[in-house]
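Quick look at upload28.cif (mmCIF, C-alpha atoms):
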data_upload
#
loop_
_atom_site.label_atom_id
_atom_site.label_comp_id
_atom_site.auth_asym_id
_atom_site.auth_seq_id
_atom_site.Cartn_x
_atom_site.Cartn_y
_atom_site.Cartn_z
CA MET A 1 -31.87 4.23 -4.04
CA THR A 2 -29.50 6.80 -5.54
CA ILE A 3 -25.84 6.82 -4.57
CA ALA A 4 -23.15 9.36 -5.42
CA LEU A 5 -19.61 8.01 -5.68
CA ALA A 6 -17.65 11.20 -5.07
CA THR A 7 -14.72 11.83 -7.39
CA CYS A 8 -12.70 14.82 -8.63
CA SER A 9 -12.75 16.95 -11.78
CA LEU A 10 -9.54 15.26 -12.96
CA LEU A 11 -11.46 11.95 -13.04
CA PRO A 12 -15.09 12.90 -13.76
CA ASP A 13 -15.95 9.28 -14.55
CA GLY A 14 -14.20 8.05 -11.43
CA SER A 15 -11.37 5.60 -10.89
CA ASP A 16 -11.42 1.91 -11.82
CA ASP A 17 -12.86 1.21 -8.36
CA VAL A 18 -15.72 3.63 -9.00
CA ARG A 19 -16.59 2.08 -12.32
CA ASP A 20 -16.54 -1.40 -10.78
CA LEU A 21 -18.84 -0.26 -7.97
CA VAL A 22 -21.31 1.40 -10.35
CA GLY A 23 -21.77 -1.92 -12.14
CA ALA A 24 -21.94 -3.98 -8.97
CA LEU A 25 -24.48 -1.65 -7.36
CA GLY A 26 -26.56 -1.64 -10.53
CA SER A 27 -26.86 -5.41 -10.36
CA LEU A 28 -28.37 -4.94 -6.88
CA GLY A 29 -30.94 -2.47 -8.18
CA ALA A 30 -29.18 0.57 -6.75
CA GLU A 31 -28.53 3.54 -9.01
CA ALA A 32 -24.99 4.86 -8.55
CA GLU A 33 -23.02 7.49 -10.44
CA PRO A 34 -19.69 9.31 -10.16
CA VAL A 35 -20.13 12.92 -9.03
CA VAL A 36 -17.40 15.58 -8.75
CA TRP A 37 -17.20 16.62 -5.11
CA ASP A 38 -16.72 20.36 -5.70
CA GLY A 39 -19.13 20.62 -8.62
CA ASP A 40 -22.44 22.48 -8.71
CA VAL A 41 -24.46 19.60 -7.28
CA ASP A 42 -27.70 19.23 -5.34
CA TRP A 43 -26.42 16.66 -2.86
CA SER A 44 -29.83 16.30 -1.25
CA ARG A 45 -30.99 14.22 -4.20
CA TYR A 46 -28.71 11.38 -3.16
CA ASP A 47 -29.59 8.88 -0.47
CA LEU A 48 -25.90 8.34 0.26
CA VAL A 49 -22.55 9.83 -0.76
CA VAL A 50 -19.57 7.46 -0.77
CA VAL A 51 -16.23 9.29 -0.94
CA ARG A 52 -13.99 7.61 -3.47
CA SER A 53 -11.50 9.19 -5.93
CA THR A 54 -11.46 12.76 -4.56
CA TRP A 55 -7.75 13.05 -5.26
CA ASP A 56 -7.41 16.82 -5.63
CA TYR A 57 -8.36 18.03 -2.16
CA THR A 58 -4.96 18.38 -0.52
CA SER A 59 -4.52 22.07 -1.35
CA ARG A 60 -8.06 22.73 -0.10
CA ARG A 61 -8.40 20.37 2.83
CA ASP A 62 -10.55 22.72 4.92
CA GLU A 63 -12.98 23.16 2.04
CA PHE A 64 -13.08 19.42 1.46
CA VAL A 65 -13.76 18.62 5.11
CA ALA A 66 -16.47 21.30 5.27
CA TRP A 67 -18.09 19.74 2.20
CA ALA A 68 -18.11 16.30 3.83
CA GLU A 69 -19.57 17.74 7.03
CA SER A 70 -22.35 19.44 5.04
CA LEU A 71 -23.66 16.18 3.60
CA PRO A 72 -26.66 14.49 5.23
CA ARG A 73 -25.22 10.98 4.73
CA VAL A 74 -21.60 10.33 3.81
CA LEU A 75 -19.22 7.38 4.10
CA ASN A 76 -16.75 7.21 5.47
CA PRO A 77 -18.21 9.53 8.13
CA ALA A 78 -17.20 13.20 8.06
CA GLU A 79 -15.60 12.97 11.51
CA VAL A 80 -13.33 10.22 10.21
CA ILE A 81 -12.50 12.26 7.10
CA ARG A 82 -11.48 15.27 9.24
CA TRP A 83 -9.23 13.06 11.40
CA ASN A 84 -7.73 11.07 8.55
CA THR A 85 -6.89 13.81 6.04
CA ASP A 86 -4.02 15.06 8.22
CA LYS A 87 -1.32 12.47 8.88
CA ARG A 88 -0.91 13.72 12.42
CA TYR A 89 -3.39 10.92 13.14
CA LEU A 90 -0.25 8.76 13.33
CA ARG A 91 0.48 10.38 16.68
CA ASP A 92 -2.91 9.19 17.94
CA LEU A 93 -2.20 5.66 16.76
CA ALA A 94 1.23 5.66 18.37
CA GLY A 95 -0.33 6.97 21.58
CA ALA A 96 -2.74 4.03 21.50
CA GLY A 97 0.18 1.60 21.32
CA VAL A 98 -0.13 0.82 17.60
CA PRO A 99 3.27 0.31 15.90
CA VAL A 100 3.84 3.09 13.36
CA VAL A 101 6.87 4.24 11.41
CA PRO A 102 8.88 6.59 13.68
CA THR A 103 8.14 10.20 12.77
CA LEU A 104 9.67 13.58 13.55
CA TRP A 105 7.11 16.39 13.36
CA ASP A 106 8.29 19.80 12.16
CA PRO A 107 11.91 19.21 13.19
CA ASP A 108 14.33 22.11 13.17
CA ASP A 109 16.82 20.15 11.06
CA ILE A 110 17.24 16.90 9.18
CA PRO A 111 18.01 13.79 11.26
CA SER A 112 21.56 12.65 11.82
CA GLU A 113 20.63 9.21 13.16
CA TRP A 114 19.04 7.83 9.96
CA PRO A 115 21.20 7.13 6.87
CA GLU A 116 18.18 7.63 4.61
CA TYR A 117 14.93 9.38 5.38
CA VAL A 118 11.74 10.66 3.79
CA ILE A 119 10.40 14.20 4.09
CA LYS A 120 6.75 14.88 3.31
CA PRO A 121 3.85 17.11 4.31
CA ALA A 122 1.19 15.90 6.73
CA VAL A 123 -1.55 16.69 4.21
CA SER A 124 -0.78 14.91 0.96
CA ILE A 125 -1.69 11.95 -1.20
CA GLY A 126 0.11 9.96 -3.86
CA SER A 127 3.61 10.88 -2.63
CA GLY A 128 2.93 14.54 -3.40
CA ASP A 129 5.80 16.83 -2.28
CA THR A 130 7.50 13.74 -0.84
CA ALA A 131 11.15 12.84 -1.33
CA ARG A 132 13.72 10.30 -0.19
CA TRP A 133 17.06 11.73 0.92
CA GLY A 134 20.42 10.22 1.88
CA PRO A 135 24.13 10.89 2.32
CA GLY A 136 25.43 13.84 0.30
CA GLU A 137 21.97 15.35 -0.11
CA GLU A 138 21.79 17.25 3.16
CA GLU A 139 21.46 20.73 1.69
CA ARG A 140 18.73 19.74 -0.73
CA ALA A 141 16.94 17.91 2.09
CA ARG A 142 17.14 21.00 4.30
CA ALA A 143 15.72 23.10 1.46
CA HIS A 144 12.82 20.65 1.11
CA LEU A 145 12.11 20.74 4.84
CA ARG A 146 12.35 24.53 4.87
CA SER A 147 10.01 24.90 1.89
CA LEU A 148 7.28 22.92 3.65
CA ARG A 149 7.65 24.85 6.88
CA ASP A 150 7.78 28.22 5.09
CA ALA A 151 4.51 27.33 3.35
CA GLY A 152 2.87 26.74 6.74
CA ARG A 153 2.62 23.00 6.18
CA THR A 154 3.33 20.44 8.88
CA ALA A 155 6.47 18.56 7.86
CA MET A 156 7.08 14.90 8.61
CA VAL A 157 10.46 13.17 8.59
CA GLN A 158 10.60 9.38 8.72
CA PRO A 159 13.41 6.85 8.31
CA TYR A 160 13.51 5.20 4.91
CA LEU A 161 12.99 1.53 5.69
CA SER A 162 15.13 -0.64 3.41
CA ALA A 163 12.50 -3.39 3.23
CA VAL A 164 10.51 -1.13 0.91
CA ASP A 165 13.10 -1.77 -1.81
CA SER A 166 12.78 -5.54 -1.62
CA VAL A 167 9.32 -6.18 -0.17
CA GLY A 168 7.39 -3.01 -0.86
CA GLU A 169 4.29 -1.88 1.02
CA THR A 170 1.45 -4.24 1.87
CA ALA A 171 -2.03 -2.73 1.80
CA LEU A 172 -4.77 -4.54 3.73
CA VAL A 173 -8.29 -3.67 2.57
CA PHE A 174 -11.26 -3.90 4.92
CA CYS A 175 -14.99 -3.81 4.16
CA ASP A 176 -17.40 -3.05 7.03
CA GLY A 177 -14.65 -3.81 9.52
CA GLU A 178 -13.81 -7.21 8.04
CA TYR A 179 -10.62 -8.05 6.17
CA SER A 180 -11.32 -8.38 2.44
CA HIS A 181 -8.03 -8.68 0.53
CA ALA A 182 -4.50 -7.30 0.22
CA GLY A 183 -2.26 -5.72 -2.37
CA ARG A 184 1.50 -5.40 -2.56
CA LYS A 185 2.83 -2.07 -3.83
CA ALA A 186 6.35 -1.90 -5.22
CA GLN A 187 8.91 0.77 -4.31
CA ILE A 188 7.98 4.32 -5.35
CA LEU A 189 10.65 6.72 -4.11
CA THR A 190 14.01 6.66 -5.86
CA ALA A 191 17.29 7.31 -4.09
CA GLY A 192 18.93 10.45 -5.45
CA ALA A 193 15.80 11.64 -7.26
CA GLY A 194 14.98 14.22 -4.61
CA ILE A 195 11.72 16.10 -4.78
CA GLU A 196 11.34 15.12 -8.43
CA GLY A 197 10.29 11.72 -7.12
CA PRO A 198 10.29 8.34 -8.92
CA VAL A 199 11.76 7.63 -12.31
CA ARG A 200 8.67 8.22 -14.40
CA ASN A 201 9.51 5.77 -17.20
CA ASP A 202 9.97 2.83 -14.82
CA ARG A 203 6.59 1.11 -14.91
CA THR A 204 7.47 -1.22 -12.04
CA ARG A 205 7.54 1.63 -9.51
CA GLY A 206 4.37 1.69 -7.46
CA GLN A 207 3.00 -1.32 -9.34
CA VAL A 208 0.38 -3.23 -7.34
CA SER A 209 -0.05 -6.98 -7.27
CA ALA A 210 -2.35 -9.25 -5.28
CA SER A 211 -1.04 -10.35 -1.90
CA THR A 212 -2.07 -12.26 1.21
CA ALA A 213 -1.99 -10.74 4.69
CA THR A 214 0.00 -12.43 7.42
CA GLU A 215 -1.34 -12.91 10.93
CA ALA A 216 1.06 -10.24 12.22
CA GLU A 217 -0.16 -7.76 9.60
CA LEU A 218 -3.79 -8.49 10.39
CA ASP A 219 -3.13 -7.99 14.09
CA VAL A 220 -1.56 -4.55 13.57
CA ALA A 221 -4.28 -3.52 11.13
CA ASN A 222 -7.09 -4.50 13.48
CA ARG A 223 -5.42 -2.68 16.38
CA ALA A 224 -5.15 0.45 14.25
CA LEU A 225 -8.79 0.35 13.17
CA ALA A 226 -9.89 -0.15 16.78
CA ALA A 227 -8.13 3.12 17.66
CA VAL A 228 -9.94 5.24 15.03
CA PRO A 229 -12.37 7.82 16.48
CA GLY A 230 -15.76 6.90 15.02
CA GLY A 231 -14.21 3.78 13.52
CA GLU A 232 -17.25 1.64 14.29
CA ASN A 233 -18.98 3.24 11.28
CA LEU A 234 -16.27 2.63 8.68
CA LEU A 235 -17.46 1.35 5.32
CA TYR A 236 -13.94 0.85 3.97
CA ALA A 237 -10.38 1.06 5.18
CA ARG A 238 -6.93 0.44 3.79
CA VAL A 239 -4.03 -0.13 6.14
CA ASP A 240 -0.59 0.34 4.55
CA LEU A 241 2.25 -1.55 6.23
CA ILE A 242 6.03 -1.79 5.86
CA PRO A 243 8.35 -4.29 7.60
CA GLY A 244 10.42 -2.58 10.27
CA PRO A 245 14.11 -3.29 10.94
CA ASP A 246 13.19 -6.49 12.82
CA GLY A 247 10.65 -7.57 10.22
CA SER A 248 7.58 -6.65 12.30
CA PRO A 249 4.92 -4.69 10.41
CA LEU A 250 4.72 -0.93 10.96
CA ILE A 251 1.93 1.35 9.77
CA ILE A 252 3.05 3.87 7.19
CA GLU A 253 -0.49 5.14 6.48
CA LEU A 254 -4.07 4.45 7.47
CA GLU A 255 -6.24 5.27 4.45
CA LEU A 256 -9.86 6.01 5.40
CA THR A 257 -10.82 8.83 3.04
CA GLU A 258 -10.19 8.16 -0.65
CA PRO A 259 -7.97 5.08 -1.01
CA ASN A 260 -7.70 2.92 -4.06
CA LEU A 261 -9.21 -0.34 -2.82
CA TYR A 262 -7.54 -2.52 -5.49
CA LEU A 263 -10.84 -4.15 -6.41
CA HIS A 264 -9.32 -5.39 -9.68
CA HIS A 265 -6.92 -7.57 -7.68
CA ALA A 266 -9.59 -9.41 -5.71
CA PRO A 267 -12.38 -11.12 -7.67
CA GLY A 268 -15.75 -10.60 -6.02
CA SER A 269 -14.60 -7.68 -3.88
CA ALA A 270 -16.57 -5.09 -5.87
CA GLU A 271 -19.73 -7.12 -5.27
CA SER A 272 -18.94 -7.39 -1.55
CA PHE A 273 -18.43 -3.64 -1.24
CA ALA A 274 -21.61 -2.99 -3.24
CA LYS A 275 -23.60 -5.15 -0.83
CA ALA A 276 -22.10 -3.28 2.12
CA ILE A 277 -23.03 0.07 0.55
CA ALA A 278 -26.57 -1.07 -0.25
CA ALA A 279 -26.98 -2.34 3.31
CA ARG A 280 -26.27 1.19 4.61
CA LEU A 281 -29.39 2.35 2.81
#

In structure tokens, what does this structure look like?
Amino acid sequence: MTIALATCSLLPDGSDDVRDLVGALGSLGAEAEPVVWDGDVDWSRYDLVVVRSTWDYTSRRDEFVAWAESLPRVLNPAEVIRWNTDKRYLRDLAGAGVPVVPTLWDPDDIPSEWPEYVIKPAVSIGSGDTARWGPGEEERARAHLRSLRDAGRTAMVQPYLSAVDSVGETALVFCDGEYSHAGRKAQILTAGAGIEGPVRNDRTRGQVSASTATEAELDVANRALAAVPGGENLLYARVDLIPGPDGSPLIIELELTEPNLYLHHAPGSAESFAKAIAARL
């Protein structure tokens, strides 16, 4: 059994998750190795490709999706990757009755009804080209919105939910459709920082710690996963949630392509994921 854990040229040895999975799969007698997704590779030599830290695809999404669709066996499935690599999937979730953060798609102007808001492209990861804007920053916000639209990118505008500052985001991780563990991610976007993003020397920003999912969070996450086209074949999923104005959880992102699964924060989770991967063989 030979398994490729797809990564990117920026991380040829893979992320921490990849390295944990290589060891856990090895203990099960399965040979696994990190492989750069856009390298000169004979993919037919692998029994299975598991997409992991492919964190450089956003400027080449079409190429990335075509690569996934060319593979004989890939997880998550290529149809899921195509759907999930454009955040317009949030419209599908909202249409299915799943509570998501309110979103304006390609608006003509910045919103007047939200005191603070976030502008970002629909194809992005890691807060790329994303900024938090507020009072007094209207012209810079309009320039950000205009730059995305002029580049032919779908722009998203969402209210900045104040609970992010105090509570952060909660990420629920699923393995083979079953809840595994959760992580809590601290605030990333800084007020007044604009497109430059977070204060880079503040190590607390975006820091992840172990967490426990509430029943309300689990309910929203399970409803979201049930609405995924082809979701019955998911190997992994990460559902990112933020408390709304009334405290109820809202989906900010549904990560089904290359999410960090925070295996370091949940003892035994790498072994559980390795067993799930081996079972697919």

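Atom pair atom CA of Ser209 of chain A / atom CA of Gly23 of chain A has a distance of 22.8 Å (rounded to one decimal).
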
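Rounded to one decimal, atom CA of Ala226 of chain A and atom CA of Gly97 of chain A lie 11.2 Å from each other.
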
Would you kindly return, as a PyMOL selection string, each protein, DNA or RNA residue with an atom no farther than 10 Å from any atom of Ala221 of chain A, considering only C-alpha atoms and excluding same-chain residues fewer than 3 positions away? chain A and resi 98-99+171-174+179+213+215-218+224-226+237-241+249-251+254

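Nearest residue to Leu281 of chain A, choosing from A:Arg45, A:Arg19, A:Arg73, A:Arg82 and counting all atoms listed in the file: A:Arg73.
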
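Distances to Pro259 of chain A were evaluated for A:Gly244, A:Val49, A:Gly126, A:Ala274 using all atoms listed in the file, and the minimum falls at A:Gly126.
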
What lies within 8 Å of segment 110-112 of chain A using only C-alpha atoms, ignoring chain neighbours under 4 positions off, as a compact mmCIF listing (two decimals) with C-alpha atoms, keeping the file's coordinate frame?
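And here is the file that came out, around_35.txt:
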# COMPACT_ATOMS: atom_id res chain seq x y z
CA TYR A 117 14.93 9.38 5.38
CA GLU A 138 21.79 17.25 3.16
CA ALA A 141 16.94 17.91 2.09
CA ARG A 142 17.14 21.00 4.30
CA LEU A 145 12.11 20.74 4.84
CA VAL A 157 10.46 13.17 8.59

Practice item. Given the file shown, enumerate the residues that the PyMOL selection byres ((chain A and resi 72) around 10) captures and present them as JSON, numbers by chain. Key: {"A": [43, 44, 46, 47, 48, 49, 68, 69, 70, 71, 73, 74, 78]}

- [ ] Run the PyMOL selection byres ((chain A and resi 162) around 12) on the file and write out the hits as a PyMOL selection string.
- [x] chain A and resi 114-118+132+159-161+163-169+187+189-191+242-247

Once the PyMOL selection byres ((chain A and resi 4-9) around 12) has been evaluated on this model, what residues remain selected, and can you format them as a PyMOL selection string? chain A and resi 1-3+10-22+25+30-58+64+67-68+71+73-76+257-260+274+277

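Considering the residues A:Thr212, A:Thr170, A:Thr85, A:Ser59 and counting only C-alpha atoms, Ala266 of chain A has its shortest atom-to-atom contact with A:Thr212.
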
Listed atoms of segment 110-124 of chain A boxed axis-aligned with 8 Å per side, centre + edges as lines of an AutoDock Vina configuration file:
center_x = 10.0
center_y = 12.1
center_z = 7.1
size_x = 39.1
size_y = 26.0
size_z = 28.2

Separating atom CA of Ala122 of chain A from atom CA of Trp83 of chain A, to the nearest tenth of an Å, is a gap of 11.8 Å

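Closest approach to Ala278 of chain A among A:Arg184, A:Lys87, A:Leu261, A:Asp176: A:Asp176, based on all atoms listed in the file.
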
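Taking all atoms listed in the file into account, Gly230 of chain A lies nearest to A:Val80 out of the set A:Ala66, A:Ser272, A:Val80, A:Pro267.
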
From the list A:Gly152, A:Pro102, A:Gly136, A:Gly268, the nearest residue to Leu90 of chain A using all atoms listed in the file is A:Pro102
